[in-house]
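**Student:** Take this structure first; my questions come after.
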Amino acid sequence: MMQSMGPLDTDSERTRILNRLRRLEGQVRGLQTMIESKKDCDEVLTQIMAAQSAFKQIGLHIVVHSMRRCLEENRDLSRDEMIDDAIAIFLKYSACTR
């Protein structure tokens, strides 16, 4: 009975996520420049790992927001249903980060 994760409903949440995505976009452009400049593979891979980590952090931030929202807004559900929904949100995301 998992509810939709819903939108990032506050301007501050959207702004935080967008700022993180813009920084990540800059990292990806930097990676493109590194490839064009024939940088050492180790340097490129280090930056790729940093970008992957940044993506995961953005995802986790959204998961935390969604779990909080689930627990705060689904007052019509029982406590166990709310917890199940929060766990389902976490498991759905964590499955793709392995």
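Simple scheme: letters A, B, ... for chains in structure tokens order, numbers from 1 for residues in each chain, numbers from 1 for ligands in the order shown.
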Which polymer residues have any atom within 9 Å of an atom of A:Met34, counting only C-alpha atoms, with same-chain residues fewer than 5 positions away left out, as a ChimeraX atom specification?
**Tutor:** /A:29,39-40,43-44
**Student:** With C-alpha atoms retained, write the just-selected residues as a short mmCIF file (atom, residue, chain, number, x, y, z; two decimals), in the first residue's frame.
**Tutor:**
data_model
loop_
_atom_site.label_atom_id
_atom_site.label_comp_id
_atom_site.auth_asym_id
_atom_site.auth_seq_id
_atom_site.Cartn_x
_atom_site.Cartn_y
_atom_site.Cartn_z
CA ARG A 29 31.55 18.69 -17.48
CA LYS A 39 44.11 12.97 -18.23
CA ASP A 40 45.40 9.88 -16.49
CA GLU A 43 42.41 10.79 -12.07
CA VAL A 44 39.33 10.28 -14.26
#
**Student:** For A:Met67, please output as a list in words all residues within 9 Å (counting only C-alpha atoms; exclusion window: fewer than 6 positions along the same chain).
**Tutor:**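 Contacts, in chain order: Met5, Ile83, Asp85, Ala86, Ile87, Ile89 and Phe90 of chain A.
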**Student:** Deliver the residues from the most recent selection as a file, using N, CA and C atoms, as a compact mmCIF listing (two decimals), in the first residue's frame.
**Tutor:**
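Resulting contents of out.txt:
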# COMPACT_ATOMS: atom_id res chain seq x y z
N MET A 5 5.72 8.81 -3.58
CA MET A 5 6.70 9.55 -2.81
C MET A 5 6.38 11.04 -2.82
N ILE A 83 5.10 2.95 8.78
CA ILE A 83 6.46 2.41 8.86
C ILE A 83 6.75 1.53 7.66
N ASP A 85 5.44 1.77 4.68
CA ASP A 85 5.62 2.65 3.53
C ASP A 85 7.00 3.30 3.54
N ALA A 86 7.45 3.76 4.71
CA ALA A 86 8.77 4.37 4.82
C ALA A 86 9.86 3.36 4.47
N ILE A 87 9.72 2.15 4.95
CA ILE A 87 10.70 1.09 4.64
C ILE A 87 10.67 0.77 3.15
N ILE A 89 9.95 2.77 0.71
CA ILE A 89 10.65 3.86 0.01
C ILE A 89 12.15 3.63 0.08
N PHE A 90 12.64 3.33 1.28
CA PHE A 90 14.07 3.09 1.47
C PHE A 90 14.54 1.90 0.63
**Student:** How many Å separate atom CA of A:Leu45 from atom CA of A:Gln27?
**Tutor:**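 Taking atom CA of A:Leu45 and atom CA of A:Gln27, their separation equals 12.2 Å.
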**Student:** Considering only C-alpha atoms, state which residue in the set A:Ile58, A:Met49, A:Ser78, A:Cys96 is at the smallest distance from A:Arg14.
**Tutor:** A:Ile58
**Student:** Would you pick out the contacts of A:Ser94 at 10 Å or less, using only C-alpha atoms, so that residues sharing its chain but fewer than 4 positions from it are not included, and give the list as a PDB file with C-alpha atoms, in the first residue's frame?
**Tutor:**
ATOM      1  CA  LYS A  56      23.919   8.723  -4.197  1.00  0.00           C
ATOM      2  CA  GLY A  59      19.171  10.219  -3.837  1.00  0.00           C
ATOM      3  CA  LEU A  60      19.511   9.637  -0.111  1.00  0.00           C
ATOM      4  CA  VAL A  63      14.678   9.308   0.256  1.00  0.00           C
ATOM      5  CA  ALA A  88       9.372   0.439   1.124  1.00  0.00           C
ATOM      6  CA  ILE A  89      10.651   3.856   0.006  1.00  0.00           C
ATOM      7  CA  PHE A  90      14.070   3.086   1.468  1.00  0.00           C
ATOM      8  CA  ARG A  98      24.261  -1.540  -4.969  1.00  0.00           C
TER       9      ARG A  98
END
**Student:** Have a look at A:Ala50, A:Ile17, A:Val64, A:Cys70 and name the one nearest to A:Tyr93; count only C-alpha atoms.
**Tutor:**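 Result for the nearest residue to A:Tyr93: A:Val64.
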